[in-house]
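Asks: I'm passing along structure_1.cif; it holds mmCIF, C-alpha atoms.
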data_input
#
loop_
_atom_site.group_PDB
_atom_site.id
_atom_site.type_symbol
_atom_site.label_atom_id
_atom_site.label_comp_id
_atom_site.auth_asym_id
_atom_site.auth_seq_id
_atom_site.Cartn_x
_atom_site.Cartn_y
_atom_site.Cartn_z
ATOM 1 C CA ARG N 1 -14.256 -8.803 24.191
ATOM 2 C CA PHE N 2 -14.634 -5.273 25.575
ATOM 3 C CA GLY N 3 -18.459 -5.519 25.806
ATOM 4 C CA PRO N 4 -18.513 -8.088 28.653
ATOM 5 C CA CYS N 5 -15.983 -5.980 30.578
ATOM 6 C CA LEU N 6 -18.299 -2.965 30.376
ATOM 7 C CA ASP N 7 -21.238 -5.125 31.436
ATOM 8 C CA ASP N 8 -19.270 -6.420 34.455
ATOM 9 C CA LYS N 9 -18.519 -2.841 35.504
ATOM 10 C CA GLY N 10 -22.160 -1.806 35.055
ATOM 11 C CA PHE N 11 -21.539 0.608 32.178
ATOM 12 C CA ASP N 12 -24.039 1.162 29.385
ATOM 13 C CA ASN N 13 -22.698 -0.362 26.171
ATOM 14 C CA SER N 14 -25.663 0.464 23.937
ATOM 15 C CA ALA N 15 -25.223 2.459 20.734
ATOM 16 C CA PRO N 16 -25.347 6.213 21.406
ATOM 17 C CA ASN N 17 -28.206 8.247 19.989
ATOM 18 C CA LEU N 18 -26.354 10.244 17.330
ATOM 19 C CA ARG N 19 -28.030 12.691 15.008
ATOM 20 C CA SER N 20 -27.456 11.832 11.388
ATOM 21 C CA GLY N 21 -24.496 13.211 9.485
ATOM 22 C CA TYR N 22 -24.568 14.752 6.048
ATOM 23 C CA PHE N 23 -22.727 13.066 3.196
ATOM 24 C CA SER N 24 -22.894 13.509 -0.558
ATOM 25 C CA MET N 25 -20.719 12.574 -3.518
ATOM 26 C CA SER N 26 -21.721 15.863 -5.170
ATOM 27 C CA PRO N 27 -19.642 18.837 -4.098
ATOM 28 C CA THR N 28 -21.354 22.025 -3.086
ATOM 29 C CA SER N 29 -22.139 24.406 -5.931
ATOM 30 C CA PHE N 30 -20.199 27.241 -4.319
ATOM 31 C CA GLY N 31 -16.665 27.563 -3.050
ATOM 32 C CA GLN N 32 -13.256 28.769 -4.108
ATOM 33 C CA PRO N 33 -10.465 26.656 -5.609
ATOM 34 C CA ALA N 34 -8.226 25.034 -2.998
ATOM 35 C CA ILE N 35 -5.357 22.990 -4.404
ATOM 36 C CA ARG N 36 -2.888 23.319 -1.514
ATOM 37 C CA VAL N 37 -3.746 23.870 2.138
ATOM 38 C CA PHE N 38 -0.856 24.828 4.427
ATOM 39 C CA GLY N 39 -0.971 24.496 8.210
ATOM 40 C CA THR N 40 1.682 25.959 10.505
ATOM 41 C CA TYR N 41 1.670 25.268 14.224
ATOM 42 C CA SER N 42 5.304 26.211 14.984
ATOM 43 C CA VAL N 43 8.769 26.409 13.408
ATOM 44 C CA ASP N 44 8.985 22.646 14.022
ATOM 45 C CA ASP N 45 5.458 21.616 13.068
ATOM 46 C CA TYR N 46 4.077 22.499 9.646
ATOM 47 C CA HIS N 47 2.544 20.636 6.719
ATOM 48 C CA TYR N 48 0.320 20.929 3.689
ATOM 49 C CA TRP N 49 -2.441 19.006 1.958
ATOM 50 C CA GLY N 50 -2.162 18.845 -1.834
ATOM 51 C CA TYR N 51 -5.249 18.086 -3.894
ATOM 52 C CA GLU N 52 -4.810 15.541 -6.673
ATOM 53 C CA PRO N 53 -7.667 15.811 -9.211
ATOM 54 C CA LEU N 54 -6.982 12.339 -10.634
ATOM 55 C CA ASN N 55 -7.556 10.702 -7.214
ATOM 56 C CA LYS N 56 -10.017 13.392 -6.035
ATOM 57 C CA ARG N 57 -8.297 13.446 -2.628
ATOM 58 C CA TYR N 58 -5.971 15.581 -0.545
ATOM 59 C CA PHE N 59 -2.545 14.056 0.200
ATOM 60 C CA ARG N 60 -0.482 15.110 3.237
ATOM 61 C CA GLN N 61 3.060 16.468 3.069
ATOM 62 C CA GLN N 62 4.788 16.863 6.448
ATOM 63 C CA ASP N 63 7.668 19.007 7.719
ATOM 64 C CA ASP N 64 11.171 17.683 7.101
ATOM 65 C CA GLY N 65 13.108 19.992 9.389
ATOM 66 C CA ASP N 66 12.574 23.234 11.251
ATOM 67 C CA THR N 67 12.297 26.727 9.767
ATOM 68 C CA ARG N 68 14.562 28.455 12.311
ATOM 69 C CA ASP N 69 17.031 31.139 11.219
ATOM 70 C CA GLY N 70 15.180 31.821 7.961
ATOM 71 C CA LYS N 71 15.322 28.262 6.644
ATOM 72 C CA ALA N 72 12.709 27.552 3.987
ATOM 73 C CA PRO N 73 10.071 24.926 4.708
ATOM 74 C CA SER N 74 10.940 21.436 3.502
ATOM 75 C CA TYR N 75 8.300 18.747 2.974
ATOM 76 C CA VAL N 76 8.137 14.969 2.575
ATOM 77 C CA PRO N 77 5.074 12.744 2.095
ATOM 78 C CA LEU N 78 3.533 11.646 5.400
ATOM 79 C CA ILE N 79 3.451 7.850 5.223
ATOM 80 C CA ASP N 80 1.073 5.701 7.259
ATOM 81 C CA LYS N 81 3.389 3.146 8.896
ATOM 82 C CA LEU N 82 0.620 0.536 9.009
ATOM 83 C CA THR N 83 -0.307 0.647 5.305
ATOM 84 C CA GLY N 84 2.884 2.091 3.795
ATOM 85 C CA GLU N 85 0.726 4.580 1.852
ATOM 86 C CA GLN N 86 0.732 8.358 1.936
ATOM 87 C CA VAL N 87 -1.855 9.781 4.337
ATOM 88 C CA SER N 88 -4.812 11.144 2.389
ATOM 89 C CA ALA N 89 -8.297 12.482 3.033
ATOM 90 C CA ASP N 90 -11.491 13.096 1.101
ATOM 91 C CA ASN N 91 -12.322 16.022 3.390
ATOM 92 C CA VAL N 92 -9.969 18.283 5.332
ATOM 93 C CA VAL N 93 -11.673 20.495 7.898
ATOM 94 C CA TYR N 94 -9.993 23.342 9.787
ATOM 95 C CA LEU N 95 -11.766 24.137 13.056
ATOM 96 C CA PHE N 96 -11.225 27.247 15.178
ATOM 97 C CA VAL N 97 -11.851 25.998 18.727
ATOM 98 C CA PRO N 98 -11.297 27.599 22.169
ATOM 99 C CA HIS N 99 -7.976 26.646 23.769
ATOM 100 C CA SER N 100 -7.244 27.280 27.444
ATOM 101 C CA PHE N 101 -4.795 26.494 30.210
ATOM 102 C CA ALA N 102 -5.971 25.277 33.608
ATOM 103 C CA ASP N 103 -2.921 26.620 35.431
ATOM 104 C CA HIS N 104 0.290 28.591 34.921
ATOM 105 C CA TRP N 105 2.515 25.480 34.584
ATOM 106 C CA GLN N 106 0.444 24.143 31.699
ATOM 107 C CA GLU N 107 0.801 27.459 29.902
ATOM 108 C CA GLU N 108 4.584 27.342 30.193
ATOM 109 C CA ASP N 109 4.572 23.751 28.889
ATOM 110 C CA GLN N 110 1.963 24.599 26.216
ATOM 111 C CA VAL N 111 -0.519 22.007 27.486
ATOM 112 C CA TYR N 112 -3.833 23.092 25.975
ATOM 113 C CA HIS N 113 -7.342 22.140 26.937
ATOM 114 C CA ILE N 114 -9.416 22.046 23.757
ATOM 115 C CA ASP N 115 -13.183 22.019 24.140
ATOM 116 C CA PRO N 116 -15.075 21.568 20.848
ATOM 117 C CA VAL N 117 -18.528 22.144 22.322
ATOM 118 C CA GLY N 118 -20.517 25.151 21.133
ATOM 119 C CA THR N 119 -19.896 26.842 17.802
ATOM 120 C CA GLY N 120 -17.019 28.365 15.882
ATOM 121 C CA LYS N 121 -15.489 29.185 12.533
ATOM 122 C CA ALA N 122 -14.437 26.386 10.157
ATOM 123 C CA TYR N 123 -13.292 25.707 6.595
ATOM 124 C CA LEU N 124 -14.265 22.600 4.639
ATOM 125 C CA PHE N 125 -11.913 21.436 1.877
ATOM 126 C CA ARG N 126 -13.244 18.801 -0.515
ATOM 127 C CA ASP N 127 -13.116 18.122 -4.257
ATOM 128 C CA GLY N 128 -10.486 20.842 -4.780
ATOM 129 C CA ILE N 129 -12.605 23.644 -3.316
ATOM 130 C CA VAL N 130 -12.951 25.380 0.044
ATOM 131 C CA VAL N 131 -16.219 26.330 1.700
ATOM 132 C CA PRO N 132 -16.176 28.803 4.619
ATOM 133 C CA ALA N 133 -18.277 27.269 7.373
ATOM 134 C CA TYR N 134 -19.240 27.107 11.012
ATOM 135 C CA TRP N 135 -18.917 24.058 13.232
ATOM 136 C CA ARG N 136 -21.362 23.308 15.974
ATOM 137 C CA ARG N 137 -21.619 20.662 18.629
ATOM 138 C CA PHE N 138 -24.018 21.087 21.513
ATOM 139 C CA ALA N 139 -23.233 17.957 23.545
ATOM 140 C CA VAL N 140 -19.982 16.159 24.212
ATOM 141 C CA ASP N 141 -21.451 12.829 23.066
ATOM 142 C CA GLN N 142 -22.521 14.148 19.656
ATOM 143 C CA PRO N 143 -20.550 14.514 16.411
ATOM 144 C CA LEU N 144 -19.589 17.868 14.954
ATOM 145 C CA GLU N 145 -21.884 19.402 12.372
ATOM 146 C CA LEU N 146 -20.710 21.792 9.672
ATOM 147 C CA THR N 147 -22.946 24.469 8.193
ATOM 148 C CA ASN N 148 -22.417 27.114 5.566
ATOM 149 C CA LEU N 149 -22.342 30.742 6.677
ATOM 150 C CA ASN N 150 -26.165 30.874 6.452
ATOM 151 C CA GLY N 151 -26.617 27.902 8.797
ATOM 152 C CA VAL N 152 -27.464 25.325 6.120
ATOM 153 C CA PRO N 153 -25.809 21.927 6.826
ATOM 154 C CA LEU N 154 -22.870 21.073 4.569
ATOM 155 C CA SER N 155 -22.270 17.643 3.098
ATOM 156 C CA LEU N 156 -18.982 15.877 3.594
ATOM 157 C CA LYS N 157 -17.728 13.659 0.825
ATOM 158 C CA PRO N 158 -18.109 10.002 1.896
ATOM 159 C CA GLY N 159 -14.726 8.680 2.956
ATOM 160 C CA ARG N 160 -11.955 9.828 5.257
ATOM 161 C CA THR N 161 -12.178 13.199 7.016
ATOM 162 C CA PHE N 162 -9.163 14.814 8.689
ATOM 163 C CA TYR N 163 -9.801 17.565 11.242
ATOM 164 C CA GLU N 164 -7.174 20.227 11.935
ATOM 165 C CA VAL N 165 -7.802 22.074 15.207
ATOM 166 C CA LEU N 166 -6.633 25.662 15.637
ATOM 167 C CA SER N 167 -7.227 28.183 18.403
ATOM 168 C CA GLU N 168 -9.884 30.854 17.973
ATOM 169 C CA ASP N 169 -7.110 33.465 17.644
ATOM 170 C CA SER N 170 -5.445 31.686 14.726
ATOM 171 C CA PHE N 171 -5.708 33.181 11.276
ATOM 172 C CA GLU N 172 -6.135 32.139 7.674
ATOM 173 C CA SER N 173 -5.347 33.667 4.298
ATOM 174 C CA ASN N 174 -5.154 32.601 0.701
ATOM 175 C CA GLN N 175 -3.214 33.373 -2.459
ATOM 176 C CA GLY N 176 -5.204 32.035 -5.373
ATOM 177 C CA SER N 177 -5.809 28.330 -4.778
ATOM 178 C CA ASP N 178 -3.227 28.127 -1.946
ATOM 179 C CA TRP N 179 -4.688 28.457 1.554
ATOM 180 C CA PHE N 180 -2.674 29.186 4.705
ATOM 181 C CA PHE N 181 -3.563 28.541 8.353
ATOM 182 C CA GLN N 182 -1.364 29.795 11.184
ATOM 183 C CA PHE N 183 -1.883 28.572 14.738
ATOM 184 C CA THR N 184 -1.776 31.331 17.334
ATOM 185 C CA PRO N 185 -1.791 30.327 21.011
#
Could the structure of this file be written out as structure tokens, please?
Replies:
Amino acid sequence: RFGPCLDDKGFDNSAPNLRSGYFSMSPTSFGQPAIRVFGTYSVDDYHYWGYEPLNKRYFRQQDDGDTRDGKAPSYVPLIDKLTGEQVSADNVVYLFVPHSFADHWQEEDQVYHIDPVGTGKAYLFRDGIVVPAYWRRFAVDQPLELTNLNGVPLSLKPGRTFYEVLSEDSFESNQGSDWFFQFTP
């Protein structure tokens, strides 16, 4: 029912000209083990993705309280209220994207403008491994493309992809198969 509304307003409702994406059931032949992927945005907002080899997917665990005053992180499964199932993904991608503030008041309120056009650092997690990557997107009406560090396009596993967006100043580290991402404004 939305199509006729666009037609009435004189907007183009034709399919956009998107370049093809890259998908493959076969994981890349290189990468490091990645069983848990932790993301921390603040003392109130943290989570991790745990890889389950039996299901060949990452499952999301979400914060269950703050970490103020030295409290340890506490996690519970993140449940999709529509399906009643734990949120999961075949691919988890961490993107390092420029963040900016348009004015002083937005900075105080932490209102970020995120502009994923251009290129930047990324990490692709799939099939229990991590592949360091770059993202690129040269037009706002085009999808993101991931490449390895040599510029060769990377294949996503067919299925659900979850993108985590960090600022360019954020940092990552790992301890064995545990990976850690810390948002830095």
Asks: Return the single residue from N:Tyr112, N:Phe2, N:Tyr163, N:Phe125 that is closest to N:Ala34, with distances computed using all atoms listed in the file.
Replies: N:Phe125
Asks: Just so the selection is clear, what residues does the PyMOL selection byres ((chain N and resi 49) around 8) cover here, as an NGL selection string?
Replies: :N and (36-38 or 47-48 or 50-51 or 58-61)
Asks: Name every residue that the PyMOL selection byres ((chain N and resi 65-75) around 8) selects in this structure, writing the answer as a PyMOL selection string with chains first and numbers rising.
Replies: chain N and resi 43-45+47+61-64+76-77
Asks: With a distance cut-off of 12 Å and all atoms listed in the file, select the neighbouring residues of stretch 153-160 of chain N, excluding the residue or stretch itself and same-chain residues fewer than 2 positions from it, and output the selection as an NGL selection string.
Replies: :N and (20-31 or 56-59 or 87-93 or 122-136 or 144-151 or 162-163)
Asks: How would you write, as an mmCIF file with C-alpha atoms, in the coordinates of the input, the residues chosen by the PyMOL selection byres ((chain N and resi 181) around 10) on this structure?
Replies:
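Saved as expr_39.cif:
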data_model
loop_
_atom_site.group_PDB
_atom_site.id
_atom_site.type_symbol
_atom_site.label_atom_id
_atom_site.label_comp_id
_atom_site.auth_asym_id
_atom_site.auth_seq_id
_atom_site.Cartn_x
_atom_site.Cartn_y
_atom_site.Cartn_z
ATOM 1 C CA VAL N 37 -3.746 23.870 2.138
ATOM 2 C CA PHE N 38 -0.856 24.828 4.427
ATOM 3 C CA GLY N 39 -0.971 24.496 8.210
ATOM 4 C CA THR N 40 1.682 25.959 10.505
ATOM 5 C CA TYR N 41 1.670 25.268 14.224
ATOM 6 C CA TYR N 46 4.077 22.499 9.646
ATOM 7 C CA TYR N 48 0.320 20.929 3.689
ATOM 8 C CA TYR N 94 -9.993 23.342 9.787
ATOM 9 C CA GLU N 164 -7.174 20.227 11.935
ATOM 10 C CA LEU N 166 -6.633 25.662 15.637
ATOM 11 C CA SER N 170 -5.445 31.686 14.726
ATOM 12 C CA PHE N 171 -5.708 33.181 11.276
ATOM 13 C CA GLU N 172 -6.135 32.139 7.674
ATOM 14 C CA SER N 173 -5.347 33.667 4.298
ATOM 15 C CA ASN N 174 -5.154 32.601 0.701
ATOM 16 C CA TRP N 179 -4.688 28.457 1.554
ATOM 17 C CA PHE N 180 -2.674 29.186 4.705
ATOM 18 C CA GLN N 182 -1.364 29.795 11.184
ATOM 19 C CA PHE N 183 -1.883 28.572 14.738
ATOM 20 C CA THR N 184 -1.776 31.331 17.334
#
Asks: Determine the axis-aligned bounding box of all atoms of stretch 161-178 of chain N present in the file, pad each side by 6 Å, and express its centre and edge lengths in Å to one decimal place as lines of an AutoDock Vina configuration file.
Replies:
center_x = -7.7
center_y = 23.4
center_z = 6.5
size_x = 21.0
size_y = 32.5
size_z = 35.8
